[in-house]
Amino acid sequence: MDDNLIIDLYWSRSEAAISETDRKYGPYCRSIAYGILQNHEDSEECVSDTWLRAWEAMPPQRPNRLSAFLGKITRNLALDRFDYHHAAKRSAAFDQLLSELNECIPDRRDDYAQLELTQLLNHFLRSLPREHRNLFLRRYWYCESIEDLAKRYTMSQSAVKSNLFRTRNKLKAYLEKEGVGIE
């Protein structure tokens, strides 16, 4: 079903909106949640919560891209659940992702600095070749493993690691050029 028709179902408060959303975007949202949580039961709960949040948000919100809207909700819910379950201890895989990014992205707390950093990241990502951008996003937004990325892009794991390393270094240099350095 077309995204605009699904959104219209939400706006008309039709319960079919949920089933159509799950049919079209269920696997996508489950993969996002599972990439972060590594637990099927928690991932399913996040996806169910995503449908509820979408129901509560539409109306008044009318998303331009339903996939991005749902993906962002799912990711935020999964990260919240991850933090809740791992308040005292973090998973080694997630810690690895954070440590990779800590080498190139500063830790900014205030809203203005976050907005500026977001705009710079978006500009940087748009400047990358498609495959490099996709690898970076799948690793650091969707939390996919190196092994999964290697299979997806038919690359060796070392090629994936090298690509991500070079991209992180380019990002660090770009941010420093723009006056945003690691503190």
# chains A, B, ... in the order shown; residues from 1 in each chain; ligands from 1
>>> residues_around(residues="segment 132-143 of chain A", least_positions_apart="2", cutoff="8 Å", atoms="only C-alpha atoms", output="PyMOL selection string")
chain A and resi 31-32+35-36+75+94+97+125-126+128-130+145-146+149+160+163-164+167
>>> write_last_selection(atoms="all heavy atoms", output="short mmCIF file (atom, residue, chain, number, x, y, z; two decimals), in the first residue's frame")
data_model
loop_
_atom_site.label_atom_id
_atom_site.label_comp_id
_atom_site.auth_asym_id
_atom_site.auth_seq_id
_atom_site.Cartn_x
_atom_site.Cartn_y
_atom_site.Cartn_z
N SER A 31 14.28 -4.94 12.17
CA SER A 31 15.74 -5.03 11.96
C SER A 31 16.45 -3.89 12.68
O SER A 31 17.55 -4.08 13.21
CB SER A 31 16.08 -5.04 10.47
OG SER A 31 15.87 -3.78 9.89
N ILE A 32 15.85 -2.72 12.72
CA ILE A 32 16.44 -1.60 13.46
C ILE A 32 16.49 -1.94 14.95
O ILE A 32 17.54 -1.81 15.59
CB ILE A 32 15.64 -0.30 13.24
CG1 ILE A 32 15.77 0.17 11.80
CG2 ILE A 32 16.11 0.80 14.20
CD1 ILE A 32 14.84 1.30 11.43
N GLY A 35 18.94 -4.78 15.72
CA GLY A 35 20.33 -4.35 15.59
C GLY A 35 20.85 -3.70 16.86
O GLY A 35 22.03 -3.81 17.19
N ILE A 36 19.97 -3.04 17.59
CA ILE A 36 20.37 -2.38 18.82
C ILE A 36 20.24 -3.31 20.02
O ILE A 36 21.12 -3.40 20.86
CB ILE A 36 19.52 -1.11 19.04
CG1 ILE A 36 19.84 -0.09 17.93
CG2 ILE A 36 19.75 -0.51 20.42
CD1 ILE A 36 18.89 1.07 17.84
N ARG A 75 14.13 3.40 16.44
CA ARG A 75 15.50 3.52 16.93
C ARG A 75 15.52 4.17 18.31
O ARG A 75 16.22 3.69 19.21
CB ARG A 75 16.33 4.34 15.94
CG ARG A 75 17.79 4.41 16.32
CD ARG A 75 18.59 5.11 15.22
NE ARG A 75 20.00 4.99 15.46
CZ ARG A 75 20.71 5.81 16.24
NH1 ARG A 75 20.11 6.79 16.86
NH2 ARG A 75 22.00 5.62 16.40
N PHE A 94 27.75 -2.69 21.52
CA PHE A 94 27.33 -1.30 21.50
C PHE A 94 28.46 -0.39 22.00
O PHE A 94 28.66 0.70 21.46
CB PHE A 94 26.06 -1.12 22.34
CG PHE A 94 25.31 0.12 21.99
CD1 PHE A 94 24.64 0.23 20.78
CD2 PHE A 94 25.28 1.19 22.86
CE1 PHE A 94 23.95 1.37 20.45
CE2 PHE A 94 24.58 2.33 22.55
CZ PHE A 94 23.92 2.44 21.33
N LEU A 97 30.74 0.28 19.10
CA LEU A 97 30.21 1.32 18.20
C LEU A 97 30.47 2.71 18.77
O LEU A 97 30.91 3.61 18.06
CB LEU A 97 28.70 1.14 18.00
CG LEU A 97 28.25 0.04 17.08
CD1 LEU A 97 26.73 -0.08 17.12
CD2 LEU A 97 28.72 0.29 15.68
N LEU A 125 27.67 13.34 5.15
CA LEU A 125 27.15 12.08 4.61
C LEU A 125 26.69 12.24 3.16
O LEU A 125 26.89 11.34 2.35
CB LEU A 125 26.01 11.55 5.49
CG LEU A 125 26.45 11.03 6.85
CD1 LEU A 125 25.24 10.76 7.73
CD2 LEU A 125 27.32 9.79 6.72
N ARG A 126 26.08 13.37 2.84
CA ARG A 126 25.65 13.60 1.45
C ARG A 126 26.84 13.70 0.50
O ARG A 126 26.71 13.43 -0.69
CB ARG A 126 24.79 14.87 1.36
CG ARG A 126 23.38 14.67 1.82
CD ARG A 126 22.50 15.87 1.46
NE ARG A 126 22.92 17.09 2.10
CZ ARG A 126 22.52 17.52 3.28
NH1 ARG A 126 21.65 16.80 3.98
NH2 ARG A 126 22.98 18.64 3.78
N LEU A 128 29.51 11.86 0.61
CA LEU A 128 30.15 10.55 0.43
C LEU A 128 29.57 9.81 -0.77
O LEU A 128 28.38 9.97 -1.08
CB LEU A 128 29.94 9.69 1.68
CG LEU A 128 30.62 10.11 2.96
CD1 LEU A 128 30.19 9.18 4.10
CD2 LEU A 128 32.13 10.09 2.82
N PRO A 129 30.38 8.96 -1.39
CA PRO A 129 29.81 8.04 -2.38
C PRO A 129 28.74 7.17 -1.72
O PRO A 129 28.84 6.86 -0.52
CB PRO A 129 31.00 7.19 -2.83
CG PRO A 129 32.21 7.97 -2.44
CD PRO A 129 31.83 8.79 -1.24
N ARG A 130 27.76 6.76 -2.47
CA ARG A 130 26.60 6.03 -1.93
C ARG A 130 26.99 4.83 -1.08
O ARG A 130 26.47 4.64 0.00
CB ARG A 130 25.69 5.62 -3.09
CG ARG A 130 24.44 4.92 -2.64
CD ARG A 130 23.60 4.48 -3.83
NE ARG A 130 22.46 3.78 -3.36
CZ ARG A 130 21.21 4.14 -3.59
NH1 ARG A 130 20.96 5.21 -4.29
NH2 ARG A 130 20.22 3.44 -3.13
N SER A 145 26.36 -5.35 12.42
CA SER A 145 27.70 -5.87 12.70
C SER A 145 28.57 -5.80 11.44
O SER A 145 28.07 -5.73 10.31
CB SER A 145 27.61 -7.32 13.18
OG SER A 145 27.21 -8.15 12.11
N ILE A 146 29.87 -5.86 11.64
CA ILE A 146 30.82 -5.88 10.53
C ILE A 146 30.55 -7.09 9.65
O ILE A 146 30.56 -7.01 8.42
CB ILE A 146 32.28 -5.91 11.06
CG1 ILE A 146 32.59 -4.65 11.88
CG2 ILE A 146 33.27 -6.10 9.93
CD1 ILE A 146 32.60 -3.36 11.13
N LEU A 149 27.49 -6.51 7.50
CA LEU A 149 27.79 -5.54 6.44
C LEU A 149 28.61 -6.19 5.32
O LEU A 149 28.37 -5.94 4.15
CB LEU A 149 28.55 -4.34 7.01
CG LEU A 149 27.74 -3.42 7.91
CD1 LEU A 149 28.65 -2.41 8.60
CD2 LEU A 149 26.65 -2.72 7.13
N VAL A 160 35.44 -3.86 4.97
CA VAL A 160 34.42 -3.06 5.65
C VAL A 160 35.06 -2.23 6.75
O VAL A 160 34.82 -1.02 6.87
CB VAL A 160 33.30 -3.97 6.23
CG1 VAL A 160 32.37 -3.17 7.12
CG2 VAL A 160 32.52 -4.63 5.11
N ASN A 163 37.09 0.60 5.25
CA ASN A 163 36.20 1.64 4.71
C ASN A 163 35.65 2.51 5.84
O ASN A 163 35.65 3.74 5.75
CB ASN A 163 35.08 0.98 3.91
CG ASN A 163 34.17 1.99 3.27
OD1 ASN A 163 33.51 2.78 3.95
ND2 ASN A 163 34.12 1.97 1.95
N LEU A 164 35.18 1.88 6.90
CA LEU A 164 34.62 2.63 8.03
C LEU A 164 35.70 3.47 8.72
O LEU A 164 35.45 4.62 9.11
CB LEU A 164 33.96 1.68 9.02
CG LEU A 164 32.68 1.00 8.54
CD1 LEU A 164 32.27 -0.12 9.50
CD2 LEU A 164 31.57 2.02 8.36
N THR A 167 36.39 6.46 6.56
CA THR A 167 35.25 7.38 6.61
C THR A 167 35.24 8.14 7.94
O THR A 167 34.98 9.35 7.97
CB THR A 167 33.92 6.63 6.39
OG1 THR A 167 33.98 5.95 5.13
CG2 THR A 167 32.74 7.59 6.37
#
>>> residues_around(residues="Lys170 of chain A", least_positions_apart="5", cutoff="9 Å", atoms="only C-alpha atoms", output="tab-separated table (two decimals) with N, CA and C atoms, in the first residue's frame")
chain	number	residue	atom	x	y	z
A	104	CYS	N	35.85	10.48	16.51
A	104	CYS	CA	35.66	11.52	15.50
A	104	CYS	C	34.52	12.49	15.78
A	124	PHE	N	28.15	16.12	5.51
A	124	PHE	CA	29.25	15.19	5.28
A	124	PHE	C	28.74	13.90	4.62
A	165	PHE	N	36.90	2.91	8.85
A	165	PHE	CA	38.01	3.65	9.46
A	165	PHE	C	38.34	4.90	8.66
A	175	LEU	N	34.99	17.72	10.38
A	175	LEU	CA	34.48	18.44	11.55
A	175	LEU	C	35.53	19.42	12.09
>>> atom_distance(atom1="atom CA of Leu171 of chain A", atom2="atom CA of Ser158 of chain A")
19.7 Å
>>> atom_distance(atom1="atom CA of Leu66 of chain A", atom2="atom CA of Ile7 of chain A")
7.9 Å
>>> residues_around(residues="segment 49-58 of chain A", least_positions_apart="6", cutoff="10 Å", atoms="only C-alpha atoms", output="list of chain:residue names")
A:Ile7, A:Asp8, A:Leu9, A:Tyr10, A:Trp11, A:Ser12, A:Arg13, A:Ser14, A:Glu15, A:Ala17, A:Ile18, A:Ser19, A:Thr21, A:Asp22, A:Gly26, A:Cys29, A:Ser43, A:Leu66, A:Phe69, A:Leu70, A:Gly71, A:Lys72, A:Ile73, A:Thr74, A:Arg75, A:Asn76, A:Leu77, A:Ala78
>>> closest_residue(among="A:Lys161, A:Lys24, A:Arg30, A:Arg166", to="Asp3 of chain A", atoms="only C-alpha atoms")
A:Lys24
>>> decode(residues="segment 2-74 of chain A", atoms="C-alpha atoms", output="compact mmCIF listing (two decimals), in the first residue's frame")
# COMPACT_ATOMS: atom_id res chain seq x y z
CA ASP A 2 1.20 3.52 -0.79
CA ASP A 3 2.57 5.54 2.15
CA ASN A 4 0.10 8.37 1.61
CA LEU A 5 -2.78 5.90 1.86
CA ILE A 6 -1.36 4.48 5.08
CA ILE A 7 -1.02 7.99 6.51
CA ASP A 8 -4.61 8.71 5.45
CA LEU A 9 -5.68 5.65 7.43
CA TYR A 10 -4.02 7.10 10.53
CA TRP A 11 -5.70 10.44 9.94
CA SER A 12 -9.10 8.79 9.59
CA ARG A 13 -8.34 6.78 12.79
CA SER A 14 -8.78 3.46 10.99
CA GLU A 15 -7.30 0.48 12.81
CA ALA A 16 -6.23 -0.83 9.40
CA ALA A 17 -3.40 1.72 9.61
CA ILE A 18 -1.58 -0.47 12.12
CA SER A 19 -1.89 -3.69 10.13
CA GLU A 20 -0.87 -1.96 6.87
CA THR A 21 2.09 -0.32 8.61
CA ASP A 22 3.18 -3.65 10.07
CA ARG A 23 2.81 -5.36 6.70
CA LYS A 24 4.92 -2.78 4.89
CA TYR A 25 7.38 -1.62 7.56
CA GLY A 26 7.41 -4.39 10.17
CA PRO A 27 10.57 -6.12 8.91
CA TYR A 28 12.36 -2.77 8.52
CA CYS A 29 11.53 -1.64 12.06
CA ARG A 30 12.27 -5.06 13.54
CA SER A 31 15.74 -5.03 11.96
CA ILE A 32 16.44 -1.60 13.46
CA ALA A 33 15.31 -2.68 16.92
CA TYR A 34 17.11 -6.03 16.76
CA GLY A 35 20.33 -4.35 15.59
CA ILE A 36 20.37 -2.38 18.82
CA LEU A 37 18.82 -4.81 21.29
CA GLN A 38 19.95 -8.20 19.97
CA ASN A 39 16.79 -9.67 21.49
CA HIS A 40 13.71 -10.72 19.51
CA GLU A 41 11.20 -10.25 22.32
CA ASP A 42 12.40 -6.73 23.16
CA SER A 43 12.53 -5.90 19.45
CA GLU A 44 8.90 -6.97 19.00
CA GLU A 45 7.84 -4.82 21.93
CA CYS A 46 9.67 -1.83 20.45
CA VAL A 47 7.92 -2.32 17.13
CA SER A 48 4.53 -2.55 18.86
CA ASP A 49 5.38 0.63 20.75
CA THR A 50 6.37 2.24 17.44
CA TRP A 51 2.90 1.60 16.03
CA LEU A 52 1.37 3.12 19.16
CA ARG A 53 3.59 6.21 18.90
CA ALA A 54 2.73 6.57 15.22
CA TRP A 55 -0.97 6.31 16.11
CA GLU A 56 -0.56 9.02 18.76
CA ALA A 57 1.46 11.31 16.45
CA MET A 58 -0.84 11.17 13.41
CA PRO A 59 -2.71 13.49 13.42
CA PRO A 60 -1.54 16.22 13.91
CA GLN A 61 1.81 15.21 12.38
CA ARG A 62 1.91 14.22 8.71
CA PRO A 63 5.33 12.71 7.97
CA ASN A 64 6.99 13.43 4.61
CA ARG A 65 8.69 10.02 4.58
CA LEU A 66 6.86 7.37 6.54
CA SER A 67 9.85 5.00 6.56
CA ALA A 68 12.15 7.62 8.12
CA PHE A 69 9.45 8.64 10.61
CA LEU A 70 8.89 5.04 11.75
CA GLY A 71 12.61 4.20 11.70
CA LYS A 72 13.42 7.15 13.96
CA ILE A 73 10.69 6.21 16.44
CA THR A 74 11.86 2.59 16.49
